[in-house]
file work-v7.cif (mmCIF, C-alpha atoms and all ligand atoms)
data_target
#
loop_
_atom_site.label_atom_id
_atom_site.label_comp_id
_atom_site.auth_asym_id
_atom_site.auth_seq_id
_atom_site.Cartn_x
_atom_site.Cartn_y
_atom_site.Cartn_z
CA MET A 1 132.92 229.20 58.00
CA THR A 2 132.52 226.24 55.64
CA ARG A 3 130.74 226.63 52.33
CA SER A 4 127.87 224.47 53.67
CA GLU A 5 127.53 226.83 56.64
CA ALA A 6 127.56 229.88 54.37
CA LEU A 7 124.94 228.34 52.08
CA PHE A 8 122.77 227.48 55.08
CA GLU A 9 122.88 231.10 56.28
CA GLN A 10 122.02 232.28 52.77
CA ALA A 11 119.23 229.70 52.42
CA LYS A 12 117.59 230.82 55.66
CA GLN A 13 116.91 234.21 54.08
CA THR A 14 114.67 232.80 51.37
CA ILE A 15 113.59 229.30 52.47
CA PRO A 16 111.87 228.67 55.84
CA GLY A 17 114.58 227.23 58.08
CA GLY A 18 116.86 227.04 55.05
CA VAL A 19 115.46 223.68 53.96
CA ASN A 20 112.65 222.22 51.88
CA SER A 21 111.92 219.42 54.37
CA PRO A 22 112.37 219.91 58.13
CA VAL A 23 114.64 217.01 59.21
CA ARG A 24 117.30 218.24 56.77
CA ALA A 25 117.88 221.27 59.02
CA PHE A 26 119.82 219.17 61.59
CA ASN A 27 117.53 220.29 64.45
CA GLY A 28 117.72 216.74 65.79
CA VAL A 29 121.51 216.77 66.13
CA GLY A 30 122.46 220.44 66.26
CA GLY A 31 124.96 222.16 64.01
CA SER A 32 124.66 223.09 60.39
CA PRO A 33 123.50 220.70 57.65
CA LEU A 34 125.80 219.60 54.85
CA PHE A 35 124.89 221.03 51.48
CA ILE A 36 125.35 218.28 48.92
CA GLU A 37 126.86 218.81 45.51
CA LYS A 38 126.81 215.32 44.06
CA ALA A 39 126.52 211.66 44.97
CA ASP A 40 127.92 208.48 43.51
CA GLY A 41 127.65 204.87 44.66
CA ALA A 42 127.78 204.74 48.47
CA TYR A 43 129.11 208.29 48.74
CA ILE A 44 127.76 211.83 48.92
CA TYR A 45 129.99 214.86 48.39
CA ASP A 46 129.36 218.13 50.18
CA ALA A 47 129.84 221.71 49.00
CA ASP A 48 133.28 221.77 50.69
CA GLY A 49 134.47 218.83 48.63
CA LYS A 50 134.40 216.33 51.52
CA LYS A 51 133.02 212.86 50.86
CA TYR A 52 130.91 210.77 53.20
CA ILE A 53 129.68 207.17 53.23
CA ASP A 54 125.94 207.69 53.06
CA TYR A 55 123.40 205.78 55.18
CA VAL A 56 120.48 208.08 54.35
CA GLY A 57 120.19 207.24 50.63
CA SER A 58 117.90 210.23 50.00
CA TRP A 59 115.74 208.81 52.85
CA GLY A 60 115.39 205.42 51.20
CA PRO A 61 115.05 205.57 47.42
CA MET A 62 118.71 205.00 46.50
CA ILE A 63 118.75 201.26 47.18
CA LEU A 64 121.18 200.58 44.32
CA GLY A 65 123.45 203.43 45.39
CA HIS A 66 123.65 206.95 43.97
CA ASN A 67 123.94 207.75 40.29
CA ASN A 68 123.41 204.15 39.25
CA PRO A 69 124.66 203.80 35.64
CA GLN A 70 121.62 201.83 34.37
CA ILE A 71 119.12 204.29 35.82
CA ARG A 72 121.12 207.26 34.61
CA GLN A 73 121.34 205.90 31.07
CA ALA A 74 117.63 205.05 30.94
CA VAL A 75 116.71 208.54 32.12
CA LEU A 76 119.03 210.23 29.63
CA GLU A 77 117.42 208.27 26.80
CA ALA A 78 113.88 209.03 28.05
CA VAL A 79 114.59 212.76 28.26
CA GLU A 80 115.12 212.76 24.48
CA ASN A 81 111.39 212.04 24.04
CA GLY A 82 110.07 214.91 26.16
CA LEU A 83 109.51 215.46 29.84
CA SER A 84 105.77 215.11 30.37
CA PHE A 85 102.69 214.44 28.25
CA GLY A 86 99.68 214.41 30.58
CA ALA A 87 98.33 211.48 28.58
CA PRO A 88 98.69 207.71 29.03
CA THR A 89 101.95 205.98 28.11
CA GLU A 90 103.04 202.38 27.67
CA LEU A 91 105.58 202.99 30.43
CA GLU A 92 102.78 203.36 32.97
CA VAL A 93 101.31 200.02 31.93
CA THR A 94 104.72 198.38 32.26
CA MET A 95 105.15 199.98 35.69
CA ALA A 96 101.72 198.78 36.88
CA GLU A 97 102.50 195.24 35.67
CA LYS A 98 105.88 195.31 37.39
CA VAL A 99 104.41 196.45 40.72
CA ILE A 100 101.71 193.77 40.54
CA GLU A 101 104.30 191.11 39.70
CA MET A 102 106.48 192.11 42.67
CA VAL A 103 103.74 192.72 45.26
CA PRO A 104 101.11 189.98 44.88
CA SER A 105 98.44 191.63 47.11
CA ILE A 106 98.22 194.47 44.56
CA GLU A 107 95.73 193.75 41.77
CA GLN A 108 95.49 197.32 40.47
CA VAL A 109 97.67 200.32 41.12
CA ARG A 110 97.53 204.11 40.62
CA MET A 111 100.71 206.19 40.34
CA VAL A 112 101.11 209.51 42.18
CA SER A 113 104.07 211.83 42.81
CA SER A 114 104.92 211.32 46.50
CA GLY A 115 104.37 209.05 49.47
CA THR A 116 102.13 211.70 51.02
CA GLU A 117 99.83 211.62 48.02
CA ALA A 118 99.79 207.83 48.10
CA THR A 119 98.65 207.59 51.74
CA MET A 120 96.27 210.56 51.48
CA SER A 121 94.60 208.98 48.45
CA ALA A 122 94.46 205.50 49.99
CA ILE A 123 92.75 206.93 53.09
CA ARG A 124 90.19 208.79 50.99
CA LEU A 125 89.54 205.61 49.04
CA ALA A 126 89.13 203.55 52.22
CA ARG A 127 86.69 206.12 53.60
CA GLY A 128 84.73 206.24 50.35
CA PHE A 129 84.66 202.47 49.94
CA THR A 130 83.52 201.73 53.51
CA ASN A 131 81.42 204.87 53.88
CA ARG A 132 83.03 205.43 57.29
CA ASP A 133 84.89 208.53 58.49
CA LYS A 134 87.33 207.38 61.13
CA ILE A 135 90.82 205.98 60.61
CA LEU A 136 93.17 204.28 63.03
CA LYS A 137 96.91 204.94 63.01
CA PHE A 138 99.74 204.33 65.46
CA GLU A 139 101.57 206.84 67.59
CA GLY A 140 105.05 207.46 66.19
CA CYS A 141 104.18 206.23 62.69
CA TYR A 142 104.58 208.78 59.90
CA HIS A 143 102.60 208.53 56.70
CA GLY A 144 103.37 211.87 55.09
CA HIS A 145 101.80 215.22 55.87
CA ALA A 146 98.14 214.92 54.87
CA ASP A 147 95.94 216.52 57.54
CA CYS A 148 94.38 213.33 58.87
CA LEU A 149 97.76 211.63 59.19
CA LEU A 150 99.64 214.35 61.05
CA VAL A 151 98.21 213.26 64.37
CA LYS A 152 100.76 211.83 66.82
CA ALA A 153 103.11 211.37 63.84
CA GLY A 154 106.74 210.30 63.69
CA SER A 155 109.73 211.46 61.60
CA GLY A 156 110.38 215.22 61.42
CA ALA A 157 107.19 215.95 63.35
CA LEU A 158 108.67 213.97 66.24
CA THR A 159 112.15 215.45 65.83
CA LEU A 160 110.64 218.92 66.19
CA GLY A 161 108.51 217.82 69.16
CA GLN A 162 105.31 218.55 67.23
CA PRO A 163 103.76 215.16 66.49
CA SER A 164 100.36 216.81 65.97
CA SER A 165 100.55 219.90 63.79
CA PRO A 166 98.72 223.18 64.27
CA GLY A 167 96.67 224.03 61.21
CA ILE A 168 94.64 220.84 61.35
CA PRO A 169 91.12 221.63 62.54
CA GLU A 170 89.99 219.66 65.57
CA ASP A 171 86.98 218.63 63.48
CA PHE A 172 89.35 216.76 61.13
CA ALA A 173 91.75 215.41 63.75
CA LYS A 174 88.93 213.89 65.80
CA HIS A 175 88.47 211.28 63.07
CA THR A 176 92.04 210.03 63.50
CA LEU A 177 92.22 207.53 66.33
CA THR A 178 95.67 206.56 67.55
CA ALA A 179 96.74 203.25 69.06
CA VAL A 180 100.02 201.98 70.50
CA TYR A 181 102.36 200.29 68.00
CA ASN A 182 102.87 196.59 68.67
CA ASP A 183 99.96 196.55 71.15
CA LEU A 184 96.90 194.75 69.80
CA ASP A 185 94.95 195.39 73.01
CA SER A 186 95.10 199.13 72.37
CA VAL A 187 93.66 198.53 68.89
CA ARG A 188 90.90 196.26 70.19
CA ALA A 189 89.93 198.85 72.81
CA ILE A 190 89.47 201.51 70.11
CA PHE A 191 87.44 199.20 67.88
CA ALA A 192 85.27 198.28 70.86
CA GLU A 193 84.45 201.96 71.26
CA HIS A 194 83.84 202.59 67.54
CA PRO A 195 82.86 199.20 66.08
CA GLU A 196 81.19 200.54 62.93
CA ALA A 197 82.92 203.86 62.34
CA ILE A 198 86.52 202.93 61.44
CA SER A 199 87.24 202.79 57.72
CA CYS A 200 90.79 201.52 57.93
CA ILE A 201 93.90 200.82 59.92
CA ILE A 202 97.01 202.37 58.37
CA LEU A 203 100.40 201.27 59.62
CA GLU A 204 104.07 201.07 58.87
CA PRO A 205 104.79 197.32 58.79
CA VAL A 206 108.25 198.10 60.17
CA ALA A 207 108.02 201.47 61.90
CA GLY A 208 110.84 203.49 60.36
CA ASN A 209 109.90 206.98 61.45
CA MET A 210 110.52 206.42 65.15
CA ASN A 211 113.93 204.88 64.50
CA CYS A 212 113.45 201.24 63.39
CA ILE A 213 110.84 199.11 65.17
CA PRO A 214 109.88 195.75 63.67
CA PRO A 215 106.42 194.34 64.35
CA VAL A 216 106.30 191.85 67.24
CA GLU A 217 105.18 188.34 66.42
CA GLY A 218 101.45 188.20 65.75
CA PHE A 219 100.99 191.99 65.50
CA LEU A 220 100.39 192.21 61.74
CA GLU A 221 98.29 189.03 61.70
CA GLY A 222 96.27 190.38 64.64
CA LEU A 223 95.55 193.62 62.80
CA ARG A 224 94.43 191.64 59.75
CA THR A 225 92.00 189.67 61.95
CA ILE A 226 90.63 192.83 63.60
CA CYS A 227 90.09 194.49 60.20
CA ASP A 228 88.21 191.44 58.94
CA GLU A 229 86.12 191.25 62.08
CA PHE A 230 85.03 194.90 61.94
CA GLY A 231 84.85 195.42 58.16
CA ALA A 232 87.74 197.91 58.09
CA LEU A 233 90.39 197.95 55.37
CA MET A 234 94.02 197.23 56.23
CA ILE A 235 96.40 199.70 54.59
CA ILE A 236 100.04 198.76 54.82
CA ASP A 237 102.16 201.83 54.21
CA GLU A 238 105.20 200.47 52.42
CA VAL A 239 106.51 203.86 51.28
CA MET A 240 109.69 203.08 53.22
CA THR A 241 109.68 199.27 53.40
CA GLY A 242 108.46 198.57 49.85
CA PHE A 243 111.15 196.87 47.72
CA ARG A 244 113.57 197.46 50.63
CA VAL A 245 112.75 194.88 53.27
CA SER A 246 112.24 192.28 50.54
CA LYS A 247 111.33 192.19 46.86
CA SER A 248 107.66 192.18 47.86
CA GLY A 249 108.14 194.55 50.79
CA ALA A 250 107.42 193.94 54.45
CA GLN A 251 104.16 192.22 53.58
CA GLY A 252 106.13 189.55 51.74
CA HIS A 253 108.71 189.31 54.50
CA TYR A 254 106.06 188.84 57.21
CA ASN A 255 103.51 187.10 54.99
CA VAL A 256 100.50 189.33 55.59
CA LYS A 257 98.02 190.46 52.95
CA PRO A 258 96.63 194.01 53.18
CA ASP A 259 93.64 195.36 51.29
CA LEU A 260 95.63 198.39 50.13
CA THR A 261 99.34 199.16 49.96
CA THR A 262 101.03 202.53 49.61
CA LEU A 263 104.42 202.86 47.94
CA GLY A 264 107.04 205.58 47.41
CA LYS A 265 110.80 206.11 47.66
CA VAL A 266 112.39 203.00 45.98
CA ILE A 267 109.63 202.81 43.34
CA GLY A 268 110.83 206.11 41.84
CA GLY A 269 114.55 205.35 41.67
CA GLY A 270 115.20 208.85 43.07
CA MET A 271 112.46 210.66 41.13
CA PRO A 272 109.27 211.98 42.80
CA VAL A 273 107.00 208.92 42.67
CA GLY A 274 104.43 207.26 44.89
CA ALA A 275 101.70 204.70 44.28
CA PHE A 276 98.75 203.09 45.96
CA GLY A 277 97.16 199.82 45.00
CA GLY A 278 95.48 196.69 46.22
CA ARG A 279 92.22 194.76 45.87
CA LYS A 280 90.68 195.33 42.47
CA ASP A 281 87.15 195.81 43.86
CA VAL A 282 88.48 198.59 46.12
CA MET A 283 90.67 200.22 43.45
CA GLN A 284 87.72 200.27 41.03
CA PHE A 285 86.13 202.75 43.44
CA ILE A 286 88.63 205.39 42.25
CA ALA A 287 87.74 207.84 39.44
CA PRO A 288 87.15 207.38 36.57
CA THR A 289 85.66 203.92 37.28
CA GLY A 290 84.39 204.88 40.71
CA PRO A 291 83.16 207.90 42.65
CA VAL A 292 86.24 208.66 44.80
CA TYR A 293 88.17 211.46 43.12
CA GLN A 294 91.94 211.42 42.79
CA ALA A 295 94.17 212.91 40.07
CA GLY A 296 97.60 214.38 39.27
CA THR A 297 99.07 216.56 36.51
CA LEU A 298 102.42 214.75 36.67
CA SER A 299 101.18 211.33 37.82
CA GLY A 300 102.95 208.55 35.89
CA ASN A 301 105.48 211.05 34.54
CA PRO A 302 107.55 209.32 31.83
CA ILE A 303 110.96 210.26 33.22
CA ALA A 304 109.96 209.20 36.73
CA MET A 305 108.50 205.92 35.43
CA THR A 306 111.69 205.25 33.48
CA ALA A 307 113.90 205.77 36.53
CA GLY A 308 111.61 203.67 38.72
CA LEU A 309 111.35 200.83 36.22
CA ALA A 310 115.11 200.70 35.69
CA GLN A 311 115.53 200.38 39.45
CA MET A 312 112.77 197.78 39.86
CA ASP A 313 114.20 195.67 37.04
CA ALA A 314 117.61 195.72 38.70
CA LEU A 315 116.04 194.72 42.02
CA CYS A 316 114.73 191.51 40.50
CA GLN A 317 118.24 190.03 40.18
CA PRO A 318 118.41 186.77 42.12
CA GLY A 319 120.21 187.01 45.47
CA LEU A 320 120.09 190.80 45.68
CA TYR A 321 117.99 191.00 48.84
CA GLU A 322 120.04 188.33 50.60
CA GLU A 323 123.14 190.40 49.92
CA LEU A 324 121.51 193.66 51.04
CA ASN A 325 120.30 191.98 54.22
CA ALA A 326 123.77 190.60 54.96
CA LYS A 327 125.40 194.01 54.50
CA THR A 328 122.85 195.71 56.73
CA LYS A 329 123.18 193.03 59.39
CA ARG A 330 126.92 193.51 59.36
CA ILE A 331 126.57 197.26 60.05
CA ALA A 332 123.96 196.81 62.79
CA GLU A 333 125.88 194.02 64.52
CA GLY A 334 129.18 195.85 63.99
CA PHE A 335 127.80 198.96 65.75
CA LYS A 336 126.64 196.78 68.63
CA ALA A 337 130.00 195.00 68.94
CA ALA A 338 131.89 198.31 68.90
CA ALA A 339 129.58 199.84 71.51
CA ASP A 340 129.94 196.75 73.74
CA LYS A 341 133.72 196.93 73.41
CA HIS A 342 133.71 200.47 74.77
CA GLY A 343 131.04 199.89 77.41
CA ILE A 344 128.35 202.05 75.75
CA PRO A 345 124.83 200.66 76.26
CA LEU A 346 123.34 200.19 72.80
CA SER A 347 120.49 198.20 71.31
CA ILE A 348 120.02 197.49 67.59
CA ASN A 349 117.20 196.52 65.26
CA GLN A 350 117.51 195.47 61.63
CA VAL A 351 115.12 194.22 58.96
CA GLY A 352 116.33 193.72 55.37
CA GLY A 353 118.01 196.92 54.14
CA MET A 354 117.00 199.07 57.13
CA PHE A 355 118.50 199.36 60.60
CA GLY A 356 118.26 201.34 63.81
CA PHE A 357 120.42 201.82 66.89
CA PHE A 358 119.30 203.01 70.30
CA PHE A 359 121.38 204.48 73.10
CA THR A 360 119.59 202.73 75.93
CA GLU A 361 120.29 200.56 78.96
CA ASP A 362 117.05 198.70 78.32
CA THR A 363 118.09 195.09 77.68
CA ASN A 364 114.68 194.10 76.29
CA PRO A 365 114.25 194.25 72.52
CA ILE A 366 113.17 197.75 71.47
CA THR A 367 109.60 197.27 70.27
CA SER A 368 107.72 200.35 71.43
CA PHE A 369 107.52 204.08 70.83
CA ASP A 370 107.85 204.64 74.60
CA GLN A 371 111.19 202.86 74.70
CA VAL A 372 112.46 205.00 71.81
CA THR A 373 111.53 208.25 73.52
CA GLN A 374 113.46 207.19 76.62
CA CYS A 375 116.76 206.75 74.77
CA ASN A 376 119.78 208.91 75.53
CA MET A 377 119.50 211.72 72.96
CA ASP A 378 122.72 213.42 74.11
CA HIS A 379 124.64 210.27 73.27
CA PHE A 380 122.96 210.14 69.89
CA ARG A 381 123.81 213.75 69.04
CA HIS A 382 127.41 213.37 70.17
CA PHE A 383 127.84 210.06 68.29
CA TYR A 384 126.25 211.61 65.21
CA HIS A 385 128.84 214.37 64.98
CA LEU A 386 131.73 212.03 65.77
CA MET A 387 130.65 209.83 62.85
CA LEU A 388 130.24 212.84 60.58
CA ASP A 389 133.81 213.91 61.44
CA GLU A 390 134.92 210.39 60.47
CA GLY A 391 133.18 210.74 57.08
CA VAL A 392 129.99 208.75 57.78
CA TYR A 393 126.64 210.41 57.05
CA LEU A 394 123.82 208.99 59.20
CA ALA A 395 120.22 210.22 59.39
CA PRO A 396 120.35 213.44 61.46
CA SER A 397 117.66 212.34 63.91
CA ALA A 398 117.30 209.54 66.47
CA TYR A 399 113.80 208.95 65.08
CA GLU A 400 114.83 207.82 61.61
CA ALA A 401 115.91 204.44 60.29
CA GLY A 402 119.24 203.96 58.49
CA PHE A 403 119.43 202.59 54.95
CA LEU A 404 122.02 200.49 53.15
CA SER A 405 122.46 200.30 49.41
CA MET A 406 123.86 197.67 47.08
CA ALA A 407 126.72 200.09 46.38
CA HIS A 408 128.01 199.76 49.95
CA GLY A 409 130.92 197.39 49.36
CA GLU A 410 133.36 195.67 51.66
CA GLU A 411 135.55 198.77 51.82
CA GLU A 412 132.71 201.12 52.85
CA LEU A 413 131.38 198.70 55.47
CA GLU A 414 134.83 198.25 56.95
CA LEU A 415 135.52 202.02 56.98
CA THR A 416 132.16 202.60 58.67
CA LEU A 417 132.88 200.08 61.41
CA VAL A 418 136.35 201.53 62.02
CA ALA A 419 134.69 204.97 62.32
CA ALA A 420 132.09 203.57 64.73
CA ASP A 421 134.83 202.02 66.88
CA LYS A 422 136.54 205.40 67.13
CA ALA A 423 133.29 207.24 67.78
CA PHE A 424 132.19 204.91 70.60
CA ALA A 425 135.68 205.18 72.13
CA ALA A 426 135.42 209.00 72.03
CA LEU A 427 131.91 208.87 73.47
CA LYS A 428 133.16 206.85 76.43
CA ALA A 429 136.11 209.20 77.04
N1 LIG A 501 104.91 206.96 54.52
C1 LIG A 501 106.07 206.60 55.09
C2 LIG A 501 106.16 205.30 55.81
C3 LIG A 501 107.19 207.43 54.98
O1 LIG A 501 108.34 207.06 55.54
C4 LIG A 501 107.05 208.65 54.28
C5 LIG A 501 108.22 209.57 54.16
O2 LIG A 501 109.22 209.45 54.79
C6 LIG A 501 105.83 208.98 53.71
C7 LIG A 501 104.77 208.11 53.84
C8 LIG A 501 105.66 210.25 52.94
O3 LIG A 501 106.36 210.19 51.75
P1 LIG A 501 106.81 211.55 50.98
O4 LIG A 501 107.86 212.18 51.83
O5 LIG A 501 107.30 211.05 49.66
O6 LIG A 501 105.59 212.40 50.84
#
call {"tool": "encode", "arguments": {"input": "work-v7.cif", "output": "structure tokens"}}
result
Amino acid sequence: MTRSEALFEQAKQTIPGGVNSPVRAFNGVGGSPLFIEKADGAYIYDADGKKYIDYVGSWGPMILGHNNPQIRQAVLEAVENGLSFGAPTELEVTMAEKVIEMVPSIEQVRMVSSGTEATMSAIRLARGFTNRDKILKFEGCYHGHADCLLVKAGSGALTLGQPSSPGIPEDFAKHTLTAVYNDLDSVRAIFAEHPEAISCIILEPVAGNMNCIPPVEGFLEGLRTICDEFGALMIIDEVMTGFRVSKSGAQGHYNVKPDLTTLGKVIGGGMPVGAFGGRKDVMQFIAPTGPVYQAGTLSGNPIAMTAGLAQMDALCQPGLYEELNAKTKRIAEGFKAAADKHGIPLSINQVGGMFGFFFTEDTNPITSFDQVTQCNMDHFRHFYHLMLDEGVYLAPSAYEAGFLSMAHGEEELELTLVAADKAFAALKA
């Protein structure tokens, strides 16, 4: 038994399923999860001392690579001043200004401690502002685990085959309407049925919790038009795509302006941080200026703000996103070339620093949740473990996007593609 396996057995005694977040349990790929001891640059190191090239990046935040020296130094210095004050700090003002500078649709922003809190609060705000109860989301999109958003959700909910969770009263769930991603007709049909009851559309601008599905041409613009027509707010959930797909997120990449944006992951530099922001008239509806209540003991925590700001500052270097995009493209296209070489049907998607690969014979671009669910999961599981044996750590579920970091250098990319070549060859055998 490896040390990771022993720790997993021990963990299961005291932690449900041995993990503090479900996808970590490896249910999507079988086997026992790696327990991680440390991480540096592009690598994570497990409890057995083995190192892996990491394409999970703590599920997105570690865009500069692990244990980045600038972030580490800034955090060490901040710790000297105390861990939390529960009172305003200059750091929070600097953070708000930085977010507004990087994401032009945001005029005011409120910091929270997770992506879940960001989306939950944005939904409450949209409902309060419009005085409407219903929300519209897309099947296969994940926006955290607030009650109203765990209806036909993606990510771990999908991996476990429970996209709608028990524990959410039907009386709550009935206000969440679900449409088909990349299908404007499905959205129009729902609005036709409830023209004056929908407070907002919330969406992932690149769906990253059902693998990696970019929006088809006209989809985001179409949603903007529908929101304007029916007086609903458009909430773009950039918890995953924010500061990853481009400096100004997916909304900058695709040139669409939401009313509200939710952020998480990259904005915290690896610390627990989320944020929601947008139109000033809408944000003014939040307490203490407005009637919609929202609060947090650790919101805007100084250590978390320090880590996030150090990361955001580094992300503003010219040329960084071009380089990240090129690296990610190389991995996605390299996987495809290796699969083709060995006669394994594979499709790939890639936007900025995120990518997805699909074991499918479908030769059309993969743009829908239905196509994802029809992929060959046995191939995925087998490939996953072959790559792990070769020292490459991918997301342990076919419903999650992969992430590159700036610390993935030529050597790591090359090693990964050599591993992929071997893995596809073994899969064919
Ligand atoms: N929104 C999106 C698009 C996400 O990918 C996630 C998490 O993966 C969340 C919201 C929830 O964020 P958190 O896990 O920080 O609560």
call {"tool": "closest_residue", "arguments": {"input": "work-v7.cif", "among": "A:Gly274, A:Gly231, A:Gly269, A:Pro288", "to": "Met120 of chain A", "atoms": "only C-alpha atoms"}}
result
A:Gly274
call {"tool": "residues_around", "arguments": {"input": "work-v7.cif", "residues": "Ile202 of chain A", "least_positions_apart": "3", "cutoff": "10 Å", "atoms": "all atoms listed in the file", "output": "PDB file with C-alpha atoms, in the frame of the given file"}}
result
ATOM      1  CA  THR A 119      98.650 207.590  51.740  1.00  0.00           C
ATOM      2  CA  ALA A 122      94.460 205.500  49.990  1.00  0.00           C
ATOM      3  CA  ILE A 123      92.750 206.930  53.090  1.00  0.00           C
ATOM      4  CA  ILE A 135      90.820 205.980  60.610  1.00  0.00           C
ATOM      5  CA  LEU A 136      93.170 204.280  63.030  1.00  0.00           C
ATOM      6  CA  LYS A 137      96.910 204.940  63.010  1.00  0.00           C
ATOM      7  CA  PHE A 138      99.740 204.330  65.460  1.00  0.00           C
ATOM      8  CA  CYS A 141     104.180 206.230  62.690  1.00  0.00           C
ATOM      9  CA  HIS A 143     102.600 208.530  56.700  1.00  0.00           C
ATOM     10  CA  LEU A 149      97.760 211.630  59.190  1.00  0.00           C
ATOM     11  CA  SER A 199      87.240 202.790  57.720  1.00  0.00           C
ATOM     12  CA  PRO A 205     104.790 197.320  58.790  1.00  0.00           C
ATOM     13  CA  LEU A 223      95.550 193.620  62.800  1.00  0.00           C
ATOM     14  CA  LEU A 233      90.390 197.950  55.370  1.00  0.00           C
ATOM     15  CA  MET A 234      94.020 197.230  56.230  1.00  0.00           C
ATOM     16  CA  ILE A 235      96.400 199.700  54.590  1.00  0.00           C
ATOM     17  CA  ILE A 236     100.040 198.760  54.820  1.00  0.00           C
ATOM     18  CA  ASP A 237     102.160 201.830  54.210  1.00  0.00           C
ATOM     19  CA  PRO A 258      96.630 194.010  53.180  1.00  0.00           C
ATOM     20  CA  LEU A 260      95.630 198.390  50.130  1.00  0.00           C
ATOM     21  CA  THR A 261      99.340 199.160  49.960  1.00  0.00           C
ATOM     22  CA  THR A 262     101.030 202.530  49.610  1.00  0.00           C
TER      23      THR A 262
END
call {"tool": "axis_aligned_box", "arguments": {"input": "work-v7.cif", "around": "segment 350-356 of chain A", "padding_each_side": "4 Å", "output": "AutoDock Vina command-line options"}}
result
--center_x 116.8 --center_y 197.5 --center_z 59.0 --size_x 11.4 --size_y 15.6 --size_z 17.7
call {"tool": "atom_distance", "arguments": {"input": "work-v7.cif", "atom1": "atom CA of Gly356 of chain A", "atom2": "atom CA of Thr2 of chain A"}}
result
29.8 Å
call {"tool": "closest_atom_pairs", "arguments": {"input": "work-v7.cif", "of": "chain A", "to": "ligand LIG 501 (chain A)", "cutoff": "7 Å", "atoms": "all atoms listed in the file", "output": "CSV"}}
result
residue,atom,partner,partner_atom,distance
A:Trp59,CA,A:LIG501,O2,6.8
A:Ser114,CA,A:LIG501,O5,4.0
A:Gly115,CA,A:LIG501,O3,3.2
A:Thr116,CA,A:LIG501,O6,3.5
A:Glu117,CA,A:LIG501,O6,6.5
A:Thr119,CA,A:LIG501,C7,6.5
A:Tyr142,CA,A:LIG501,C1,5.5
A:His143,CA,A:LIG501,N1,3.5
A:Gly144,CA,A:LIG501,C8,3.5
A:His145,CA,A:LIG501,O6,6.9
A:Glu204,CA,A:LIG501,C2,5.6
A:Gly208,CA,A:LIG501,O1,6.5
A:Asn209,CA,A:LIG501,O1,6.1
A:Asp237,CA,A:LIG501,C2,5.5
A:Glu238,CA,A:LIG501,C2,6.0
A:Val239,CA,A:LIG501,C1,4.7
A:Met240,CA,A:LIG501,O1,4.8
A:Gly264,CA,A:LIG501,O5,5.9
A:Lys265,CA,A:LIG501,O5,6.4
A:Gly274,CA,A:LIG501,O5,6.7
call {"tool": "residues_around", "arguments": {"input": "work-v7.cif", "residues": "segment 188-195 of chain A", "least_positions_apart": "5", "cutoff": "12 Å", "atoms": "all atoms listed in the file", "output": "ChimeraX atom specification"}}
result
/A:132-138,175-180,183,200-201,219,222-232
call {"tool": "closest_atom_pairs", "arguments": {"input": "work-v7.cif", "of": "segment 283-375 of chain A", "to": "segment 72-77 of chain A", "cutoff": "10 Å", "atoms": "only C-alpha atoms", "output": "tab-separated table"}}
result
residue	atom	partner	partner_atom	distance
A:Pro302	CA	A:Val75	CA	9.2
A:Ile303	CA	A:Val75	CA	6.1
A:Ala304	CA	A:Val75	CA	8.2
A:Met305	CA	A:Val75	CA	9.2
A:Thr306	CA	A:Val75	CA	6.2
A:Ala307	CA	A:Val75	CA	5.9
A:Gly308	CA	A:Val75	CA	9.7
A:Leu309	CA	A:Ala74	CA	9.2
A:Ala310	CA	A:Ala74	CA	6.9
A:Gln311	CA	A:Ala74	CA	9.9
call {"tool": "closest_residue", "arguments": {"input": "work-v7.cif", "among": "A:Glu101, A:Leu315, A:Phe424, A:Leu388", "to": "Gly334 of chain A", "atoms": "all atoms listed in the file"}}
result
A:Phe424
call {"tool": "residues_around", "arguments": {"input": "work-v7.cif", "residues": "Ser165 of chain A", "least_positions_apart": "4", "cutoff": "10 Å", "atoms": "all atoms listed in the file", "output": "PDB file with C-alpha atoms, in the frame of the given file"}}
result
ATOM      1  CA  HIS A 145     101.800 215.220  55.870  1.00  0.00           C
ATOM      2  CA  ASP A 147      95.940 216.520  57.540  1.00  0.00           C
ATOM      3  CA  LEU A 149      97.760 211.630  59.190  1.00  0.00           C
ATOM      4  CA  LEU A 150      99.640 214.350  61.050  1.00  0.00           C
ATOM      5  CA  VAL A 151      98.210 213.260  64.370  1.00  0.00           C
ATOM      6  CA  LYS A 152     100.760 211.830  66.820  1.00  0.00           C
ATOM      7  CA  ALA A 153     103.110 211.370  63.840  1.00  0.00           C
ATOM      8  CA  ALA A 157     107.190 215.950  63.350  1.00  0.00           C
ATOM      9  CA  GLY A 161     108.510 217.820  69.160  1.00  0.00           C
ATOM     10  CA  PRO A 169      91.120 221.630  62.540  1.00  0.00           C
ATOM     11  CA  ALA A 173      91.750 215.410  63.750  1.00  0.00           C
TER      12      ALA A 173
END
call {"tool": "residues_near_point", "arguments": {"input": "work-v7.cif", "point": "(103.3, 195.0, 70.5)", "cutoff": "8 Å", "atoms": "only C-alpha atoms", "output": "VMD selection string"}}
result
chain A and resid 180 to 184 215 to 216 219 367 to 368
call {"tool": "atom_distance", "arguments": {"input": "work-v7.cif", "atom1": "atom CA of Glu400 of chain A", "atom2": "atom CA of Ala426 of chain A"}}
result
23.1 Å
call {"tool": "closest_residue", "arguments": {"input": "work-v7.cif", "among": "A:Pro104, A:Gly30, A:Pro214, A:Pro272", "to": "Leu298 of chain A", "atoms": "all atoms listed in the file"}}
result
A:Pro272
call {"tool": "atom_distance", "arguments": {"input": "work-v7.cif", "atom1": "atom CA of Met102 of chain A", "atom2": "atom CA of Ser248 of chain A"}}
result
5.3 Å
